[in-house]
>>> print(open('coords-v8.txt').read())   # compact mmCIF, C-alpha atoms
# COMPACT_ATOMS: atom_id res chain seq x y z
CA MET A 1 -69.82 -226.21 -130.34
CA ALA A 2 -73.07 -227.91 -129.37
CA PRO A 3 -73.97 -227.99 -125.63
CA GLY A 4 -76.27 -230.25 -123.61
CA THR A 5 -76.84 -232.20 -120.40
CA LEU A 6 -77.38 -235.89 -119.70
CA SER A 7 -79.40 -237.21 -116.74
CA VAL A 8 -78.07 -240.11 -114.67
CA THR A 9 -80.00 -241.73 -111.83
CA THR A 10 -77.90 -243.73 -109.41
CA SER A 11 -79.28 -246.46 -107.18
CA CYS A 12 -76.55 -247.10 -104.59
CA PRO A 13 -74.36 -245.08 -102.22
CA MET A 14 -71.33 -245.86 -104.41
CA GLN A 15 -71.65 -247.02 -107.97
CA LEU A 16 -70.07 -246.71 -111.41
CA VAL A 17 -72.77 -246.24 -114.05
CA ASP A 18 -71.90 -246.91 -117.70
CA ILE A 19 -73.05 -243.81 -119.61
CA THR A 20 -71.37 -244.70 -122.93
CA SER A 21 -74.62 -245.35 -124.78
CA LEU A 22 -76.11 -242.10 -123.45
CA VAL A 23 -73.11 -240.20 -124.80
CA GLY A 24 -73.36 -242.20 -128.03
CA LYS A 25 -76.99 -241.07 -128.42
CA VAL A 26 -75.84 -237.47 -128.10
CA LEU A 27 -73.36 -238.02 -130.93
CA GLY A 28 -76.08 -239.59 -133.03
CA SER A 29 -78.15 -236.42 -132.65
CA GLN A 30 -75.28 -234.19 -133.78
CA ASP A 31 -73.83 -233.80 -137.25
CA VAL A 32 -70.19 -234.10 -136.18
CA SER A 33 -68.18 -236.81 -137.90
CA GLU A 34 -64.74 -235.85 -136.50
CA GLY A 35 -64.06 -233.84 -133.36
CA VAL A 36 -63.81 -233.86 -129.58
CA CYS A 37 -66.50 -234.46 -126.95
CA TYR A 38 -66.03 -232.93 -123.50
CA LEU A 39 -67.95 -234.30 -120.51
CA PHE A 40 -68.27 -232.37 -117.25
CA ASN A 41 -69.68 -233.59 -113.93
CA PRO A 42 -71.14 -230.65 -111.91
CA HIS A 43 -71.33 -232.57 -108.59
CA THR A 44 -68.77 -232.58 -105.76
CA THR A 45 -69.34 -236.15 -104.54
CA ALA A 46 -69.23 -237.75 -107.97
CA GLY A 47 -66.79 -238.01 -110.85
CA LEU A 48 -66.19 -239.34 -114.33
CA THR A 49 -63.80 -242.06 -115.47
CA ILE A 50 -63.07 -244.34 -118.40
CA ASN A 51 -62.35 -248.00 -117.70
CA GLU A 52 -63.27 -251.55 -118.67
CA GLY A 53 -66.94 -252.18 -119.36
CA ALA A 54 -66.79 -255.69 -120.84
CA ASP A 55 -66.63 -257.39 -117.42
CA PRO A 56 -69.01 -255.61 -115.02
CA ALA A 57 -66.85 -256.87 -112.15
CA VAL A 58 -64.23 -254.22 -112.96
CA LYS A 59 -66.48 -251.30 -112.03
CA ASP A 60 -67.31 -253.01 -108.73
CA ASP A 61 -63.61 -253.64 -108.09
CA ILE A 62 -62.83 -249.97 -108.70
CA ILE A 63 -65.35 -249.03 -105.99
CA ALA A 64 -63.98 -251.75 -103.66
CA GLY A 65 -60.43 -250.52 -104.24
CA LEU A 66 -61.30 -246.87 -103.62
CA VAL A 67 -63.12 -247.78 -100.39
CA LYS A 68 -59.93 -249.46 -99.14
CA THR A 69 -57.67 -246.69 -100.50
CA VAL A 70 -59.37 -243.59 -99.12
CA PRO A 71 -59.68 -243.42 -95.31
CA LEU A 72 -63.38 -243.62 -94.40
CA HIS A 73 -63.20 -242.73 -90.72
CA LEU A 74 -60.63 -240.00 -90.32
CA ALA A 75 -61.26 -236.97 -88.06
CA TYR A 76 -62.79 -235.10 -91.01
CA LYS A 77 -63.97 -231.50 -90.36
CA HIS A 78 -66.81 -231.47 -92.89
CA LEU A 79 -69.87 -232.36 -90.83
CA GLU A 80 -71.97 -233.98 -93.54
CA GLY A 81 -69.94 -237.17 -93.13
CA ASN A 82 -69.24 -237.55 -96.85
CA SER A 83 -65.64 -236.35 -97.01
CA PRO A 84 -64.45 -239.69 -98.44
CA ALA A 85 -66.90 -239.13 -101.32
CA HIS A 86 -65.42 -235.67 -101.94
CA ILE A 87 -61.90 -237.13 -101.98
CA MET A 88 -62.90 -239.91 -104.40
CA ALA A 89 -64.53 -237.27 -106.63
CA SER A 90 -61.21 -235.44 -106.92
CA LEU A 91 -59.32 -238.70 -107.50
CA MET A 92 -61.54 -239.59 -110.47
CA GLY A 93 -61.82 -236.03 -111.79
CA ALA A 94 -64.70 -233.84 -112.96
CA SER A 95 -64.08 -233.77 -116.71
CA LEU A 96 -63.25 -236.10 -119.58
CA THR A 97 -62.10 -235.51 -123.15
CA VAL A 98 -63.06 -238.16 -125.71
CA PHE A 99 -62.35 -238.09 -129.44
CA ILE A 100 -65.05 -238.49 -132.08
CA THR A 101 -64.36 -240.31 -135.33
CA ASN A 102 -66.89 -241.43 -137.97
CA LYS A 103 -69.65 -239.93 -135.76
CA THR A 104 -68.81 -242.39 -132.95
CA LEU A 105 -66.78 -242.25 -129.74
CA MET A 106 -63.14 -243.24 -130.35
CA LEU A 107 -62.82 -245.52 -127.31
CA GLY A 108 -60.48 -248.48 -126.87
CA THR A 109 -61.82 -252.02 -127.30
CA TRP A 110 -62.66 -252.49 -123.62
CA GLN A 111 -63.30 -248.88 -122.65
CA LYS A 112 -66.60 -247.49 -121.45
CA ILE A 113 -67.39 -244.09 -119.94
CA PHE A 114 -68.55 -244.25 -116.32
CA PHE A 115 -70.34 -241.80 -114.07
CA CYS A 116 -68.89 -242.36 -110.59
CA GLU A 117 -71.43 -241.99 -107.78
CA PHE A 118 -69.84 -241.70 -104.34
CA ASP A 119 -72.73 -240.32 -102.27
CA GLY A 120 -75.92 -241.73 -103.75
CA PRO A 121 -78.47 -242.67 -104.64
CA ARG A 122 -79.23 -239.38 -106.38
CA ASN A 123 -80.38 -237.81 -109.62
CA ARG A 124 -77.26 -236.47 -111.32
CA ASN A 125 -76.31 -234.54 -114.44
CA VAL A 126 -73.42 -234.67 -116.88
CA HIS A 127 -72.88 -231.67 -119.12
CA TRP A 128 -71.40 -232.21 -122.59
CA ARG A 129 -70.00 -230.07 -125.35
CA ILE A 130 -68.86 -231.16 -128.78
CA ILE A 131 -66.34 -229.34 -130.91
CA PRO A 132 -66.14 -230.38 -134.55
CA ALA A 133 -62.74 -230.93 -136.16
CA HIS A 134 -63.62 -228.76 -139.12
CA LEU A 135 -65.03 -225.41 -138.08
CA MET B 1 -57.97 -230.61 -136.04
CA ALA B 2 -55.25 -233.07 -137.01
CA PRO B 3 -55.56 -236.68 -135.66
CA GLY B 4 -53.02 -239.44 -135.14
CA THR B 5 -51.73 -242.24 -132.94
CA LEU B 6 -48.41 -242.83 -131.18
CA SER B 7 -47.01 -246.28 -130.44
CA VAL B 8 -45.49 -247.03 -127.03
CA THR B 9 -43.83 -250.32 -126.13
CA THR B 10 -43.51 -250.99 -122.42
CA SER B 11 -40.97 -253.37 -120.93
CA CYS B 12 -42.17 -253.94 -117.34
CA PRO B 13 -45.40 -254.86 -115.53
CA MET B 14 -45.57 -251.31 -114.16
CA GLN B 15 -43.67 -248.44 -115.69
CA LEU B 16 -43.91 -244.73 -116.50
CA VAL B 17 -42.59 -244.09 -120.02
CA ASP B 18 -41.62 -240.54 -120.99
CA ILE B 19 -43.43 -239.84 -124.28
CA THR B 20 -42.70 -236.11 -124.39
CA SER B 21 -40.30 -236.32 -127.33
CA LEU B 22 -42.76 -238.51 -129.26
CA VAL B 23 -45.46 -235.87 -128.76
CA GLY B 24 -42.93 -233.19 -129.66
CA LYS B 25 -42.24 -234.97 -132.97
CA VAL B 26 -45.97 -234.89 -133.71
CA LEU B 27 -45.97 -231.13 -133.18
CA GLY B 28 -42.96 -230.77 -135.43
CA SER B 29 -44.91 -232.49 -138.22
CA GLN B 30 -47.89 -230.14 -137.85
CA ASP B 31 -48.13 -226.51 -138.82
CA VAL B 32 -49.70 -225.33 -135.55
CA SER B 33 -47.85 -222.60 -133.72
CA GLU B 34 -50.49 -221.91 -131.03
CA GLY B 35 -53.20 -224.30 -129.90
CA VAL B 36 -54.09 -227.26 -127.74
CA CYS B 37 -52.93 -230.89 -127.96
CA TYR B 38 -55.20 -233.62 -126.57
CA LEU B 39 -53.79 -237.04 -125.72
CA PHE B 40 -56.02 -240.07 -125.17
CA ASN B 41 -55.04 -243.51 -123.85
CA PRO B 42 -57.39 -246.22 -125.22
CA HIS B 43 -56.32 -248.92 -122.72
CA THR B 44 -58.02 -249.84 -119.43
CA THR B 45 -54.92 -250.88 -117.48
CA ALA B 46 -52.83 -247.84 -118.43
CA GLY B 47 -53.07 -244.09 -118.07
CA LEU B 48 -51.45 -240.76 -118.82
CA THR B 49 -49.89 -238.28 -116.43
CA ILE B 50 -47.60 -235.26 -116.34
CA ASN B 51 -44.89 -235.15 -113.71
CA GLU B 52 -41.17 -234.56 -113.15
CA GLY B 53 -38.86 -235.97 -115.80
CA ALA B 54 -35.55 -234.38 -114.77
CA ASP B 55 -34.85 -236.96 -112.07
CA PRO B 56 -35.87 -240.42 -113.36
CA ALA B 57 -36.30 -241.51 -109.73
CA VAL B 58 -39.59 -239.60 -109.58
CA LYS B 59 -41.35 -241.86 -112.08
CA ASP B 60 -40.19 -244.91 -110.14
CA ASP B 61 -41.40 -243.33 -106.89
CA ILE B 62 -44.83 -242.69 -108.42
CA ILE B 63 -45.10 -246.41 -109.23
CA ALA B 64 -43.82 -247.36 -105.76
CA GLY B 65 -46.32 -245.01 -104.14
CA LEU B 66 -49.26 -246.30 -106.18
CA VAL B 67 -48.35 -249.90 -105.34
CA LYS B 68 -48.54 -249.03 -101.65
CA THR B 69 -51.67 -246.88 -102.08
CA VAL B 70 -53.93 -249.22 -104.05
CA PRO B 71 -54.74 -252.57 -102.36
CA LEU B 72 -53.12 -255.35 -104.40
CA HIS B 73 -54.74 -258.37 -102.78
CA LEU B 74 -58.35 -257.50 -102.06
CA ALA B 75 -61.18 -259.96 -102.80
CA TYR B 76 -61.55 -258.54 -106.31
CA LYS B 77 -64.30 -260.01 -108.53
CA HIS B 78 -62.54 -259.51 -111.88
CA LEU B 79 -60.85 -262.84 -112.52
CA GLU B 80 -57.94 -261.60 -114.65
CA GLY B 81 -56.14 -260.56 -111.48
CA ASN B 82 -55.35 -257.06 -112.75
CA SER B 83 -57.94 -255.04 -110.86
CA PRO B 84 -55.23 -252.92 -109.15
CA ALA B 85 -54.05 -251.95 -112.67
CA HIS B 86 -57.60 -250.89 -113.59
CA ILE B 87 -57.86 -248.78 -110.43
CA MET B 88 -54.48 -247.12 -111.06
CA ALA B 89 -55.60 -246.39 -114.64
CA SER B 90 -58.61 -244.45 -113.33
CA LEU B 91 -56.47 -242.65 -110.73
CA MET B 92 -54.10 -241.36 -113.42
CA GLY B 93 -56.80 -240.71 -116.01
CA ALA B 94 -57.19 -241.52 -119.70
CA SER B 95 -56.75 -238.08 -121.25
CA LEU B 96 -54.47 -235.05 -121.05
CA THR B 97 -54.74 -231.51 -122.37
CA VAL B 98 -51.48 -229.71 -123.11
CA PHE B 99 -51.06 -226.23 -124.59
CA ILE B 100 -48.98 -225.50 -127.68
CA THR B 101 -47.01 -222.28 -128.01
CA ASN B 102 -44.38 -221.42 -130.62
CA LYS B 103 -44.94 -224.88 -132.14
CA THR B 104 -43.74 -226.55 -128.91
CA LEU B 105 -45.43 -228.10 -125.86
CA MET B 106 -46.04 -225.51 -123.15
CA LEU B 107 -44.82 -227.65 -120.24
CA GLY B 108 -43.35 -226.46 -116.95
CA THR B 109 -39.59 -226.57 -116.39
CA TRP B 110 -39.58 -230.05 -114.86
CA GLN B 111 -42.66 -231.48 -116.54
CA LYS B 112 -42.67 -234.44 -118.91
CA ILE B 113 -45.60 -236.42 -120.32
CA PHE B 114 -45.71 -240.03 -119.18
CA PHE B 115 -47.53 -243.09 -120.45
CA CYS B 116 -48.40 -245.12 -117.34
CA GLU B 117 -48.21 -248.88 -117.84
CA PHE B 118 -49.88 -250.87 -115.06
CA ASP B 119 -50.24 -254.30 -116.69
CA GLY B 120 -47.30 -254.75 -119.02
CA PRO B 121 -45.18 -255.34 -120.84
CA ARG B 122 -47.35 -254.59 -123.88
CA ASN B 123 -47.54 -252.67 -127.13
CA ARG B 124 -49.72 -249.63 -126.45
CA ASN B 125 -51.17 -246.69 -128.34
CA VAL B 126 -51.82 -243.06 -127.49
CA HIS B 127 -54.21 -241.14 -129.73
CA TRP B 128 -53.68 -237.42 -130.23
CA ARG B 129 -55.57 -234.52 -131.71
CA ILE B 130 -54.39 -230.96 -132.16
CA ILE B 131 -56.64 -227.94 -132.37
CA PRO B 132 -55.06 -224.73 -133.65
CA ALA B 133 -55.74 -221.46 -131.81
CA HIS B 134 -56.59 -219.67 -135.01
CA LEU B 135 -59.11 -221.58 -137.07
CA MET C 1 -58.15 -218.92 -128.53
CA ALA C 2 -56.99 -216.43 -125.92
CA PRO C 3 -53.99 -217.44 -123.73
CA GLY C 4 -52.81 -216.22 -120.33
CA THR C 5 -51.38 -217.10 -116.92
CA LEU C 6 -52.71 -216.65 -113.38
CA SER C 7 -50.46 -216.22 -110.34
CA VAL C 8 -51.21 -218.13 -107.15
CA THR C 9 -49.25 -217.68 -103.92
CA THR C 10 -49.56 -220.52 -101.45
CA SER C 11 -48.91 -220.15 -97.73
CA CYS C 12 -48.64 -223.73 -96.43
CA PRO C 13 -46.80 -226.96 -97.33
CA MET C 14 -50.11 -228.47 -98.45
CA GLN C 15 -53.13 -226.40 -99.28
CA LEU C 16 -56.09 -226.16 -101.64
CA VAL C 17 -56.50 -222.57 -102.85
CA ASP C 18 -59.83 -221.52 -104.38
CA ILE C 19 -58.95 -219.84 -107.71
CA THR C 20 -62.52 -219.67 -109.05
CA SER C 21 -62.76 -215.89 -108.79
CA LEU C 22 -59.36 -215.48 -110.47
CA VAL C 23 -60.57 -217.60 -113.38
CA GLY C 24 -63.86 -215.67 -113.36
CA LYS C 25 -61.90 -212.42 -113.75
CA VAL C 26 -60.18 -213.87 -116.79
CA LEU C 27 -63.58 -214.62 -118.33
CA GLY C 28 -64.74 -211.09 -117.54
CA SER C 29 -61.79 -209.74 -119.52
CA GLN C 30 -62.62 -211.88 -122.57
CA ASP C 31 -65.49 -211.50 -125.01
CA VAL C 32 -66.50 -215.18 -124.96
CA SER C 33 -70.11 -215.90 -124.03
CA GLU C 34 -70.09 -219.65 -124.82
CA GLY C 35 -67.06 -221.92 -125.00
CA VAL C 36 -64.51 -223.94 -123.07
CA CYS C 37 -61.80 -222.83 -120.63
CA TYR C 38 -58.73 -225.01 -120.20
CA LEU C 39 -56.54 -224.65 -117.11
CA PHE C 40 -53.02 -226.10 -116.95
CA ASN C 41 -50.73 -226.35 -113.92
CA PRO C 42 -47.03 -226.30 -114.99
CA HIS C 43 -45.68 -227.56 -111.63
CA THR C 44 -44.82 -231.15 -110.68
CA THR C 45 -45.68 -230.95 -106.98
CA ALA C 46 -49.04 -229.27 -107.45
CA GLY C 47 -52.30 -230.00 -109.25
CA LEU C 48 -55.76 -228.75 -110.09
CA THR C 49 -59.11 -230.06 -108.92
CA ILE C 50 -62.78 -229.11 -108.72
CA ASN C 51 -64.62 -229.78 -105.48
CA GLU C 52 -66.88 -228.24 -102.86
CA GLY C 53 -66.11 -224.65 -101.93
CA ALA C 54 -69.16 -223.79 -99.82
CA ASP C 55 -67.76 -225.42 -96.67
CA PRO C 56 -64.03 -224.65 -96.41
CA ALA C 57 -63.66 -227.80 -94.30
CA VAL C 58 -63.91 -229.92 -97.46
CA LYS C 59 -60.65 -228.63 -98.92
CA ASP C 60 -58.90 -229.35 -95.62
CA ASP C 61 -60.42 -232.84 -95.54
CA ILE C 62 -59.15 -233.53 -99.06
CA ILE C 63 -55.62 -232.70 -97.90
CA ALA C 64 -56.07 -234.79 -94.73
CA GLY C 65 -57.37 -237.71 -96.78
CA LEU C 66 -54.52 -237.54 -99.30
CA VAL C 67 -51.95 -237.43 -96.48
CA LYS C 68 -53.40 -240.68 -95.12
CA THR C 69 -53.81 -242.23 -98.58
CA VAL C 70 -50.36 -241.65 -100.08
CA PRO C 71 -47.44 -243.23 -98.17
CA LEU C 72 -45.29 -240.41 -96.75
CA HIS C 73 -42.28 -242.40 -95.61
CA LEU C 74 -41.60 -245.07 -98.19
CA ALA C 75 -38.05 -245.85 -99.39
CA TYR C 76 -38.39 -243.25 -102.15
CA LYS C 77 -35.43 -242.82 -104.53
CA HIS C 78 -35.95 -239.11 -105.29
CA LEU C 79 -33.65 -237.37 -102.83
CA GLU C 80 -35.57 -234.10 -102.48
CA GLY C 81 -37.94 -235.81 -100.05
CA ASN C 82 -41.07 -234.62 -101.84
CA SER C 83 -42.09 -237.79 -103.67
CA PRO C 84 -45.49 -237.86 -101.88
CA ALA C 85 -46.13 -234.38 -103.34
CA HIS C 86 -45.29 -235.66 -106.84
CA ILE C 87 -47.69 -238.60 -106.39
CA MET C 88 -50.49 -236.34 -105.14
CA ALA C 89 -49.89 -234.07 -108.14
CA SER C 90 -50.54 -236.97 -110.50
CA LEU C 91 -53.59 -238.08 -108.51
CA MET C 92 -55.21 -234.64 -108.84
CA GLY C 93 -54.02 -234.04 -112.42
CA ALA C 94 -52.39 -231.14 -114.23
CA SER C 95 -55.27 -229.91 -116.38
CA LEU C 96 -58.95 -229.04 -116.12
CA THR C 97 -61.64 -228.40 -118.71
CA VAL C 98 -64.49 -226.11 -117.65
CA PHE C 99 -67.41 -224.95 -119.80
CA ILE C 100 -68.31 -221.29 -120.28
CA THR C 101 -71.92 -220.17 -120.61
CA ASN C 102 -73.28 -216.62 -120.53
CA LYS C 103 -69.69 -215.39 -120.06
CA THR C 104 -69.44 -217.27 -116.72
CA LEU C 105 -67.99 -220.60 -115.60
CA MET C 106 -70.56 -223.41 -115.86
CA LEU C 107 -69.82 -224.95 -112.45
CA GLY C 108 -72.20 -226.96 -110.25
CA THR C 109 -73.88 -225.32 -107.26
CA TRP C 110 -71.17 -226.30 -104.79
CA GLN C 111 -68.20 -226.50 -107.15
CA LYS C 112 -65.12 -224.31 -106.97
CA ILE C 113 -61.82 -224.61 -108.83
CA PHE C 114 -58.86 -225.32 -106.57
CA PHE C 115 -55.11 -225.04 -107.05
CA CYS C 116 -53.60 -227.93 -105.07
CA GLU C 117 -50.30 -227.10 -103.38
CA PHE C 118 -48.42 -230.16 -102.16
CA ASP C 119 -44.91 -228.72 -101.62
CA GLY C 120 -45.34 -225.12 -100.54
CA PRO C 121 -45.37 -222.39 -99.71
CA ARG C 122 -44.43 -221.15 -103.18
CA ASN C 123 -45.34 -218.73 -105.93
CA ARG C 124 -47.17 -220.75 -108.57
CA ASN C 125 -48.71 -220.23 -111.99
CA VAL C 126 -51.77 -221.58 -113.75
CA HIS C 127 -51.93 -221.22 -117.53
CA TRP C 128 -55.31 -220.80 -119.21
CA ARG C 129 -56.70 -220.89 -122.70
CA ILE C 130 -60.23 -220.14 -123.81
CA ILE C 131 -61.83 -221.48 -126.96
CA PRO C 132 -65.06 -219.80 -128.06
CA ALA C 133 -68.01 -221.97 -129.17
CA HIS C 134 -68.52 -219.90 -132.29
CA LEU C 135 -65.30 -219.43 -134.19
>>> encode(input="coords-v8.txt", output="structure tokens")
Amino acid sequence: MAPGTLSVTTSCPMQLVDITSLVGKVLGSQDVSEGVCYLFNPHTTAGLTINEGADPAVKDDIIAGLVKTVPLHLAYKHLEGNSPAHIMASLMGASLTVFITNKTLMLGTWQKIFFCEFDGPRNRNVHWRIIPAHL
Amino acid sequence: MAPGTLSVTTSCPMQLVDITSLVGKVLGSQDVSEGVCYLFNPHTTAGLTINEGADPAVKDDIIAGLVKTVPLHLAYKHLEGNSPAHIMASLMGASLTVFITNKTLMLGTWQKIFFCEFDGPRNRNVHWRIIPAHL
Amino acid sequence: MAPGTLSVTTSCPMQLVDITSLVGKVLGSQDVSEGVCYLFNPHTTAGLTINEGADPAVKDDIIAGLVKTVPLHLAYKHLEGNSPAHIMASLMGASLTVFITNKTLMLGTWQKIFFCEFDGPRNRNVHWRIIPAHL
């Protein structure tokens, strides 16, 4: 089970960053033709999700929808003012499981892997581990 | 690590389809008594979730709740008009991890596995992989 | 792949309970220095999430945000009256994947693992399985 960490630099307060090619490069450096790739986001105001990458408007719409879904100005107790970012982080989730086949990510036609920044811009990390199908 | 794909046909624009017995049939065809089963949805307007299956009203209430939670008529940029479906897909998530014990799914008393259709009706797939506990 | 179950007792209708140290005790009892820990919640009105544990206000804000996000008084069909709890359960998710390194959980600086109670108080369980990196 190979381990590693990707670096992601975000440029906006809220942003979905397509990290599919970064994860693909990791696979290219590993000798695993069939298996499972786990991704883990170690930040509490960010998350990971898989969604459409063909039309870049979708990632913007996901942010727009979350901003309207999660209350931004509630009487939150956490004094840093970023409680909506913490809530969005939990809604997206901290980990992903993606299958590997033929040394590539087994994603759907329109799917891309996104790092979800909710309190940026920041330098962020995504940890990964790969487990081969045949141990 | 055995791989495969399930087919799911949905009949409504938005619908939770209980796929527990389909996943159970997969387990029955595999010789894995203890392990982990991963499920992966390759679509960007659908998801996977685990929730109550005993009362079918719950799956309808989850849809009703999501429809009221996610804004349906925002000024979305994605021109296909299904941005709410994309957002719901990310809220539910694309992958699930379920334990296997005694060659069966280790679900709670009321739990069932649901394919979440948010832009149907369509023919959909769910990929699965099973990793045995004792390799 | 070692299996087991943690017990969690909740004391409120809705509450995030930090179970990080309970999971850490599990790791201490296992001889796995590198690997992956899966957590699975078998309940349909509860979930699992990873978020900030340093300031206890964050977990309260997540509950407060979810209460404002999910409609509490819709014309739900499920007669038990806890449909919002079922929806929140699906929003948080039933399973988590956490990496293990040096026999400890590989969490971010501020991250803790939380059991999410949405229909308490109750006695709850969390199943776990650990897969070592070197099998």
>>> closest_atom_pairs(input="coords-v8.txt", of="chain B", to="chain C", cutoff="9 Å", atoms="all atoms listed in the file", output="CSV")
residue,atom,partner,partner_atom,distance
B:Glu34,CA,C:Met1,CA,8.6
B:Gly35,CA,C:Met1,CA,7.4
B:Val36,CA,C:Arg129,CA,8.5
B:Thr49,CA,C:Ser90,CA,6.1
B:Ile50,CA,C:Ala94,CA,6.7
B:Asn51,CA,C:Thr44,CA,5.0
B:Glu52,CA,C:Thr44,CA,5.6
B:Asp55,CA,C:His78,CA,7.2
B:Pro56,CA,C:His78,CA,8.2
B:Ala57,CA,C:His78,CA,5.1
B:Val58,CA,C:His78,CA,5.6
B:Asp60,CA,C:Lys77,CA,7.6
B:Asp61,CA,C:Tyr76,CA,5.6
B:Ile62,CA,C:Ile87,CA,5.4
B:Ile63,CA,C:Ile87,CA,8.7
B:Ala64,CA,C:Tyr76,CA,7.7
B:Gly65,CA,C:Pro71,CA,6.3
B:Leu66,CA,C:Val70,CA,7.7
B:Lys68,CA,C:Pro71,CA,6.9
B:Thr69,CA,C:Val70,CA,5.8
B:Val70,CA,C:Thr69,CA,8.9
B:Leu91,CA,C:Leu91,CA,5.8
B:Met92,CA,C:Leu91,CA,5.9
B:Gly93,CA,C:Gly93,CA,8.1
B:Leu96,CA,C:Ser95,CA,7.0
B:Thr97,CA,C:Ser95,CA,6.2
B:Val98,CA,C:Phe40,CA,7.3
B:Phe99,CA,C:Phe40,CA,7.9
B:Met106,CA,C:Pro42,CA,8.3
B:Leu107,CA,C:Pro42,CA,5.9
B:Gly108,CA,C:Pro42,CA,4.2
B:Thr109,CA,C:Pro42,CA,7.6
B:Trp110,CA,C:Thr44,CA,6.8
B:Gln111,CA,C:Thr44,CA,6.3
B:Pro132,CA,C:Met1,CA,8.3
B:Ala133,CA,C:Met1,CA,4.8
B:His134,CA,C:Met1,CA,6.7
B:Leu135,CA,C:Leu135,CA,7.2
>>> atom_distance(input="coords-v8.txt", atom1="CA of Val67 in chain C", atom2="CA of Asp119 in chain A")
21.8 Å
>>> residues_around(input="coords-v8.txt", residues="range 16-18 of chain C", least_positions_apart="4", cutoff="6 Å", atoms="all atoms listed in the file", output="ChimeraX atom specification")
/C:59,113-116
>>> atom_distance(input="coords-v8.txt", atom1="CA of Gln30 in chain C", atom2="CA of Thr5 in chain C")
13.6 Å
>>> atom_distance(input="coords-v8.txt", atom1="CA of Ile19 in chain A", atom2="CA of Asn123 in chain A")
13.8 Å
>>> closest_residue(input="coords-v8.txt", among="C:Val126, C:Ala54, C:Cys12, C:Leu6", to="Lys25 in chain C", atoms="only C-alpha atoms")
C:Leu6
